[in-house]
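The file model_12.txt contains compact mmCIF, N, CA and C atoms:
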# COMPACT_ATOMS: atom_id res chain seq x y z
N MET A 1 92.77 107.74 108.74
CA MET A 1 93.34 109.02 108.41
C MET A 1 92.95 109.38 106.98
N ALA A 2 92.40 110.55 106.81
CA ALA A 2 91.93 110.98 105.50
C ALA A 2 93.10 111.44 104.62
N TYR A 3 92.96 111.18 103.33
CA TYR A 3 93.93 111.69 102.37
C TYR A 3 93.80 113.21 102.35
N PRO A 4 94.88 113.93 102.01
CA PRO A 4 94.81 115.39 101.96
C PRO A 4 93.68 115.90 101.06
N TRP A 5 93.44 115.23 99.93
CA TRP A 5 92.39 115.66 99.01
C TRP A 5 90.99 115.45 99.58
N ALA A 6 90.85 114.64 100.64
CA ALA A 6 89.53 114.35 101.21
C ALA A 6 89.23 115.14 102.47
N LYS A 7 90.21 115.86 102.99
CA LYS A 7 90.01 116.56 104.27
C LYS A 7 88.88 117.57 104.22
N ALA A 8 88.81 118.34 103.16
CA ALA A 8 87.73 119.33 103.06
C ALA A 8 86.37 118.64 103.05
N PHE A 9 86.27 117.52 102.34
CA PHE A 9 85.01 116.78 102.30
C PHE A 9 84.62 116.30 103.69
N TYR A 10 85.55 115.63 104.39
CA TYR A 10 85.23 115.07 105.71
C TYR A 10 85.00 116.15 106.77
N ASN A 11 85.45 117.36 106.52
CA ASN A 11 85.19 118.47 107.45
C ASN A 11 83.93 119.25 107.09
N SER A 12 83.29 118.89 105.98
CA SER A 12 82.11 119.64 105.53
C SER A 12 80.89 119.30 106.38
N SER A 13 79.99 120.25 106.48
CA SER A 13 78.75 120.01 107.23
C SER A 13 77.89 118.97 106.50
N ALA A 14 77.97 118.93 105.17
CA ALA A 14 77.20 117.93 104.41
C ALA A 14 77.60 116.52 104.83
N TRP A 15 78.93 116.24 104.94
CA TRP A 15 79.39 114.93 105.37
C TRP A 15 79.01 114.66 106.82
N LYS A 16 79.24 115.63 107.68
CA LYS A 16 78.94 115.42 109.10
C LYS A 16 77.46 115.13 109.32
N ASP A 17 76.59 115.82 108.60
CA ASP A 17 75.15 115.57 108.70
C ASP A 17 74.80 114.18 108.17
N MET A 18 75.38 113.82 107.00
CA MET A 18 75.09 112.50 106.42
C MET A 18 75.62 111.39 107.32
N ARG A 19 76.79 111.57 107.85
CA ARG A 19 77.39 110.57 108.76
C ARG A 19 76.47 110.32 109.95
N ARG A 20 75.99 111.40 110.53
CA ARG A 20 75.08 111.28 111.69
C ARG A 20 73.80 110.54 111.29
N LEU A 21 73.24 110.87 110.11
CA LEU A 21 72.02 110.21 109.64
C LEU A 21 72.23 108.71 109.40
N ILE A 22 73.39 108.36 108.84
CA ILE A 22 73.67 106.94 108.57
C ILE A 22 73.82 106.18 109.88
N LEU A 23 74.53 106.74 110.84
CA LEU A 23 74.67 106.08 112.15
C LEU A 23 73.30 105.92 112.81
N MET A 24 72.45 106.93 112.71
CA MET A 24 71.10 106.84 113.27
C MET A 24 70.28 105.79 112.52
N ARG A 25 70.39 105.79 111.18
CA ARG A 25 69.65 104.81 110.37
C ARG A 25 69.98 103.39 110.80
N ASP A 26 71.27 103.15 111.06
CA ASP A 26 71.74 101.81 111.42
C ASP A 26 71.72 101.58 112.93
N HIS A 27 71.08 102.48 113.66
CA HIS A 27 70.92 102.36 115.12
C HIS A 27 72.27 102.24 115.83
N TYR A 28 73.28 102.91 115.28
CA TYR A 28 74.62 102.92 115.87
C TYR A 28 75.17 101.50 116.07
N ARG A 29 74.78 100.58 115.19
CA ARG A 29 75.26 99.20 115.25
C ARG A 29 76.09 98.92 114.02
N CYS A 30 77.16 98.15 114.19
CA CYS A 30 77.99 97.72 113.06
C CYS A 30 77.14 96.85 112.14
N THR A 31 77.19 97.13 110.85
CA THR A 31 76.38 96.39 109.87
C THR A 31 77.09 95.18 109.29
N GLU A 32 78.29 94.89 109.76
CA GLU A 32 79.01 93.70 109.29
C GLU A 32 78.32 92.48 109.90
N PRO A 33 77.99 91.48 109.06
CA PRO A 33 77.31 90.29 109.59
C PRO A 33 78.08 89.69 110.77
N SER A 34 77.35 89.28 111.76
CA SER A 34 77.83 88.63 113.00
C SER A 34 78.59 89.57 113.93
N CYS A 35 78.70 90.83 113.59
CA CYS A 35 79.31 91.80 114.50
C CYS A 35 78.17 92.62 115.11
N HIS A 36 78.16 92.72 116.40
CA HIS A 36 77.07 93.43 117.07
C HIS A 36 77.60 94.59 117.90
N ARG A 37 78.80 95.06 117.56
CA ARG A 37 79.39 96.16 118.32
C ARG A 37 78.81 97.50 117.90
N THR A 38 79.10 98.49 118.70
CA THR A 38 78.66 99.86 118.41
C THR A 38 79.45 100.41 117.23
N ALA A 39 78.74 101.01 116.30
CA ALA A 39 79.37 101.62 115.12
C ALA A 39 79.83 103.02 115.48
N GLU A 40 81.07 103.32 115.11
CA GLU A 40 81.62 104.65 115.31
C GLU A 40 81.98 105.29 113.97
N GLU A 41 81.98 104.51 112.91
CA GLU A 41 82.47 104.98 111.63
C GLU A 41 81.46 104.71 110.53
N VAL A 42 81.51 105.53 109.48
CA VAL A 42 80.67 105.33 108.30
C VAL A 42 81.59 105.07 107.12
N HIS A 43 81.32 103.98 106.42
CA HIS A 43 82.18 103.47 105.35
C HIS A 43 81.52 103.68 103.99
N HIS A 44 82.32 104.14 103.03
CA HIS A 44 81.86 104.23 101.64
C HIS A 44 82.01 102.84 101.01
N ILE A 45 80.92 102.26 100.56
CA ILE A 45 80.95 100.94 99.93
C ILE A 45 81.73 101.03 98.62
N LYS A 46 81.35 101.96 97.75
CA LYS A 46 82.17 102.27 96.58
C LYS A 46 83.16 103.32 97.08
N GLU A 47 84.43 102.98 96.98
CA GLU A 47 85.49 103.79 97.59
C GLU A 47 85.45 105.24 97.14
N LEU A 48 85.68 106.12 98.09
CA LEU A 48 85.80 107.54 97.79
C LEU A 48 87.20 107.78 97.22
N THR A 49 87.27 108.43 96.07
CA THR A 49 88.55 108.70 95.42
C THR A 49 88.66 110.19 95.10
N LYS A 50 89.85 110.56 94.68
CA LYS A 50 90.09 111.96 94.28
C LYS A 50 89.16 112.35 93.13
N GLU A 51 88.85 111.36 92.27
CA GLU A 51 88.02 111.63 91.10
C GLU A 51 86.53 111.76 91.46
N ASN A 52 86.06 111.07 92.51
CA ASN A 52 84.63 111.09 92.79
C ASN A 52 84.25 111.79 94.10
N VAL A 53 85.20 112.41 94.78
CA VAL A 53 84.92 113.03 96.07
C VAL A 53 83.86 114.13 95.96
N ASN A 54 83.72 114.75 94.81
CA ASN A 54 82.73 115.80 94.63
C ASN A 54 81.46 115.29 93.95
N ASP A 55 81.37 113.99 93.74
CA ASP A 55 80.19 113.38 93.14
C ASP A 55 79.28 112.91 94.27
N ASN A 56 78.22 113.67 94.53
CA ASN A 56 77.34 113.36 95.65
C ASN A 56 76.61 112.03 95.49
N SER A 57 76.50 111.52 94.26
CA SER A 57 75.85 110.22 94.08
C SER A 57 76.73 109.09 94.64
N ILE A 58 77.98 109.38 94.92
CA ILE A 58 78.88 108.42 95.56
C ILE A 58 79.22 108.88 96.97
N ALA A 59 79.68 110.12 97.09
CA ALA A 59 80.20 110.62 98.36
C ALA A 59 79.13 110.76 99.44
N LEU A 60 77.92 111.16 99.05
CA LEU A 60 76.86 111.41 100.03
C LEU A 60 75.61 110.57 99.79
N ASN A 61 75.74 109.49 99.06
CA ASN A 61 74.61 108.62 98.75
C ASN A 61 74.38 107.64 99.90
N PRO A 62 73.24 107.69 100.57
CA PRO A 62 72.98 106.77 101.69
C PRO A 62 73.09 105.30 101.30
N ASN A 63 72.82 104.99 100.02
CA ASN A 63 72.93 103.59 99.56
C ASN A 63 74.38 103.16 99.39
N ASN A 64 75.30 104.11 99.46
CA ASN A 64 76.73 103.80 99.34
C ASN A 64 77.43 103.91 100.70
N LEU A 65 76.66 104.04 101.75
CA LEU A 65 77.24 104.25 103.09
C LEU A 65 76.71 103.21 104.07
N ARG A 66 77.60 102.75 104.96
CA ARG A 66 77.18 101.82 106.00
C ARG A 66 77.94 102.09 107.28
N SER A 67 77.32 101.79 108.38
CA SER A 67 77.93 102.00 109.70
C SER A 67 78.78 100.79 110.06
N LEU A 68 79.97 101.05 110.60
CA LEU A 68 80.87 99.98 111.01
C LEU A 68 81.54 100.33 112.32
N CYS A 69 81.91 99.31 113.07
CA CYS A 69 82.77 99.52 114.23
C CYS A 69 84.19 99.76 113.72
N GLY A 70 85.05 100.25 114.55
CA GLY A 70 86.42 100.54 114.13
C GLY A 70 87.18 99.33 113.62
N ASP A 71 87.04 98.18 114.31
CA ASP A 71 87.76 96.98 113.90
C ASP A 71 87.30 96.48 112.52
N CYS A 72 85.99 96.43 112.31
CA CYS A 72 85.48 95.97 111.01
C CYS A 72 85.88 96.94 109.90
N HIS A 73 85.83 98.24 110.19
CA HIS A 73 86.21 99.23 109.18
C HIS A 73 87.66 99.05 108.77
N LYS A 74 88.55 98.85 109.73
CA LYS A 74 89.97 98.63 109.41
C LYS A 74 90.15 97.38 108.58
N ARG A 75 89.47 96.29 108.97
CA ARG A 75 89.62 95.02 108.26
C ARG A 75 89.10 95.14 106.82
N ILE A 76 87.93 95.75 106.65
CA ILE A 76 87.34 95.89 105.32
C ILE A 76 88.19 96.80 104.45
N THR A 77 88.66 97.89 104.99
CA THR A 77 89.49 98.83 104.24
C THR A 77 90.80 98.17 103.81
N LYS A 78 91.40 97.40 104.71
CA LYS A 78 92.64 96.70 104.38
C LYS A 78 92.41 95.69 103.27
N ARG A 79 91.31 94.93 103.37
CA ARG A 79 91.00 93.93 102.35
C ARG A 79 90.77 94.60 101.00
N GLU A 80 90.04 95.71 100.98
CA GLU A 80 89.78 96.42 99.72
C GLU A 80 91.06 96.98 99.13
N LYS A 81 91.94 97.49 99.99
CA LYS A 81 93.20 98.05 99.50
C LYS A 81 94.07 96.95 98.88
N MET A 82 94.11 95.79 99.53
CA MET A 82 94.90 94.68 98.99
C MET A 82 94.33 94.22 97.66
N LYS A 83 93.00 94.17 97.57
CA LYS A 83 92.34 93.75 96.34
C LYS A 83 92.62 94.73 95.21
N SER A 84 92.60 96.04 95.50
CA SER A 84 92.81 97.04 94.47
C SER A 84 94.27 97.12 94.03
N ASN A 85 95.19 96.75 94.91
CA ASN A 85 96.61 96.76 94.54
C ASN A 85 96.96 95.59 93.63
N LYS A 86 96.15 94.54 93.67
CA LYS A 86 96.37 93.36 92.83
C LYS A 86 97.83 92.92 92.89
N ILE A 87 98.30 92.70 94.07
CA ILE A 87 99.68 92.31 94.27
C ILE A 87 99.88 90.89 93.74
N LEU A 88 100.82 90.74 92.85
CA LEU A 88 101.15 89.43 92.32
C LEU A 88 102.53 89.03 92.82
N ILE A 89 102.63 87.86 93.34
CA ILE A 89 103.89 87.38 93.89
C ILE A 89 104.31 86.16 93.08
N ASP A 90 105.54 86.18 92.58
CA ASP A 90 106.07 85.02 91.89
C ASP A 90 106.50 83.99 92.91
N ILE A 91 106.01 82.80 92.76
CA ILE A 91 106.41 81.71 93.65
C ILE A 91 107.17 80.71 92.81
N ILE A 92 108.35 80.39 93.27
CA ILE A 92 109.21 79.44 92.57
C ILE A 92 109.28 78.17 93.41
N PHE A 93 109.24 77.04 92.75
CA PHE A 93 109.28 75.76 93.45
C PHE A 93 110.55 75.00 93.11
N ASP A 94 111.07 74.29 94.09
CA ASP A 94 112.25 73.45 93.83
C ASP A 94 111.80 72.16 93.16
N ASP A 95 112.75 71.28 92.87
CA ASP A 95 112.44 70.04 92.16
C ASP A 95 111.50 69.12 92.94
N ASP A 96 111.43 69.30 94.25
CA ASP A 96 110.54 68.47 95.07
C ASP A 96 109.18 69.12 95.29
N GLY A 97 108.97 70.29 94.71
CA GLY A 97 107.68 70.96 94.82
C GLY A 97 107.55 71.91 95.99
N TYR A 98 108.66 72.16 96.70
CA TYR A 98 108.62 73.08 97.82
C TYR A 98 108.90 74.50 97.34
N PRO A 99 108.18 75.49 97.89
CA PRO A 99 108.43 76.87 97.46
C PRO A 99 109.79 77.35 97.95
N ILE A 100 110.45 78.13 97.11
CA ILE A 100 111.74 78.72 97.50
C ILE A 100 111.67 80.22 97.22
N PRO A 101 112.41 81.03 97.97
CA PRO A 101 112.38 82.47 97.75
C PRO A 101 112.84 82.84 96.35
N ALA A 102 112.18 83.83 95.76
CA ALA A 102 112.59 84.31 94.44
C ALA A 102 114.01 84.81 94.52
N GLY A 103 114.77 84.56 93.48
CA GLY A 103 116.16 85.00 93.45
C GLY A 103 117.14 83.95 93.95
N THR A 104 116.62 82.88 94.55
CA THR A 104 117.50 81.79 95.01
C THR A 104 117.92 80.98 93.79
N PRO A 105 119.24 80.80 93.62
CA PRO A 105 119.67 80.01 92.45
C PRO A 105 119.22 78.57 92.60
N ARG A 106 118.73 78.05 91.50
CA ARG A 106 118.29 76.64 91.50
C ARG A 106 119.49 75.77 91.23
N VAL A 107 119.67 74.81 92.10
CA VAL A 107 120.79 73.87 91.94
C VAL A 107 120.19 72.53 91.55
N PRO A 108 120.50 72.07 90.34
CA PRO A 108 119.94 70.79 89.91
C PRO A 108 120.46 69.64 90.80
N LYS A 109 119.63 68.63 90.96
CA LYS A 109 120.01 67.47 91.78
C LYS A 109 120.96 66.58 91.04
I'd like the structure from this file rewritten - as structure tokens, please.
Amino acid sequence: MAYPWAKAFYNSSAWKDMRRLILMRDHYRCTEPSCHRTAEEVHHIKELTKENVNDNSIALNPNNLRSLCGDCHKRITKREKMKSNKILIDIIFDDDGYPIPAGTPRVPK
């Protein structure tokens, strides 16, 4: 699902033409190693953002685009989103070295 700021871009003829060219370039095959499924989606390697959506060197650059199947696209997008969020989780350990939920009062032995 496209962000509201990206809808005009994804509905543009420039994107639709480039998307078709990339799928043709990649012979409608997923470019993820060891995946040989049919590609239905075109992925921006350098993420499309509100700041660069109008920068054709990113948004419409064939070197920044690759064909992916739906499953690989979801997996890659999820991994990139997790990496960009840089989620840090505090892990607390009890006296025996076992992890305990944060906020659990530590009771000395």
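Coordinates place atom CA of Glu32 of chain A at a distance of 8.4 Å from atom CA of Ser67 of chain A.
Of the residues listed (A:Lys50, A:Leu60, A:Thr77, A:Asp96), A:Lys50 shows the shortest atom-to-atom separation from Pro4 of chain A; distances use only C-alpha atoms.
When all atoms listed in the file are used to compute distances to His43 of chain A, the closest of the residues A:Leu68, A:Met82, A:Cys30, A:Ile58 turns out to be A:Leu68.
Taking atom C of Met18 of chain A and atom N of Val42 of chain A as endpoints, the distance between them is 8.6 Å.
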Would you please give, as an MDAnalysis selection string, all residues of chain A that DSSP assigns to strand (DSSP E) based on the backbone? chainID A and resid 41:44 65:68 92:93 99:100
Excluding Ala39 of chain A and residues on its chain fewer than 4 positions from it, collect all residues at most 9 Å away from it, counting only C-alpha atoms, and give them as a CSV table (one decimal) with N, CA and C atoms, in the frame of the given file.
chain,number,residue,atom,x,y,z
A,23,LEU,N,74.5,106.7,110.8
A,23,LEU,CA,74.7,106.1,112.2
A,23,LEU,C,73.3,105.9,112.8
A,26,ASP,N,71.3,103.2,111.1
A,26,ASP,CA,71.7,101.8,111.4
A,26,ASP,C,71.7,101.6,112.9
A,27,HIS,N,71.1,102.5,113.7
A,27,HIS,CA,70.9,102.4,115.1
A,27,HIS,C,72.3,102.2,115.8
A,28,TYR,N,73.3,102.9,115.3
A,28,TYR,CA,74.6,102.9,115.9
A,28,TYR,C,75.2,101.5,116.1
A,29,ARG,N,74.8,100.6,115.2
A,29,ARG,CA,75.3,99.2,115.2
A,29,ARG,C,76.1,98.9,114.0
A,30,CYS,N,77.2,98.2,114.2
A,30,CYS,CA,78.0,97.7,113.1
A,30,CYS,C,77.1,96.8,112.1
A,31,THR,N,77.2,97.1,110.8
A,31,THR,CA,76.4,96.4,109.9
A,31,THR,C,77.1,95.2,109.3
A,67,SER,N,77.3,101.8,108.4
A,67,SER,CA,77.9,102.0,109.7
A,67,SER,C,78.8,100.8,110.1
A,68,LEU,N,80.0,101.0,110.6
A,68,LEU,CA,80.9,100.0,111.0
A,68,LEU,C,81.5,100.3,112.3
A,69,CYS,N,81.9,99.3,113.1
A,69,CYS,CA,82.8,99.5,114.2
A,69,CYS,C,84.2,99.8,113.7
A,70,GLY,N,85.0,100.2,114.6
A,70,GLY,CA,86.4,100.5,114.1
A,70,GLY,C,87.2,99.3,113.6
Please return, as a PyMOL selection string, all residues of chain A that DSSP assigns to alpha helix (DSSP H) on the basis of the backbone. chain A and resi 7-10+13-25+56-59+70-85
For a cutoff of 8 Å around the file-coordinate point (82.9, 107.2, 91.5), which residues qualify once you count only N, CA and C atoms? I'd like the result as a PyMOL selection string. chain A and resi 46-49+51-53+55+57-59
Could you write out that same residue set with N, CA and C atoms as a compact mmCIF listing (two decimals), in the coordinates of the input?
# COMPACT_ATOMS: atom_id res chain seq x y z
N LYS A 46 81.35 101.96 97.75
CA LYS A 46 82.17 102.27 96.58
C LYS A 46 83.16 103.32 97.08
N GLU A 47 84.43 102.98 96.98
CA GLU A 47 85.49 103.79 97.59
C GLU A 47 85.45 105.24 97.14
N LEU A 48 85.68 106.12 98.09
CA LEU A 48 85.80 107.54 97.79
C LEU A 48 87.20 107.78 97.22
N THR A 49 87.27 108.43 96.07
CA THR A 49 88.55 108.70 95.42
C THR A 49 88.66 110.19 95.10
N GLU A 51 88.85 111.36 92.27
CA GLU A 51 88.02 111.63 91.10
C GLU A 51 86.53 111.76 91.46
N ASN A 52 86.06 111.07 92.51
CA ASN A 52 84.63 111.09 92.79
C ASN A 52 84.25 111.79 94.10
N VAL A 53 85.20 112.41 94.78
CA VAL A 53 84.92 113.03 96.07
C VAL A 53 83.86 114.13 95.96
N ASP A 55 81.37 113.99 93.74
CA ASP A 55 80.19 113.38 93.14
C ASP A 55 79.28 112.91 94.27
N SER A 57 76.50 111.52 94.26
CA SER A 57 75.85 110.22 94.08
C SER A 57 76.73 109.09 94.64
N ILE A 58 77.98 109.38 94.92
CA ILE A 58 78.88 108.42 95.56
C ILE A 58 79.22 108.88 96.97
N ALA A 59 79.68 110.12 97.09
CA ALA A 59 80.20 110.62 98.36
C ALA A 59 79.13 110.76 99.44
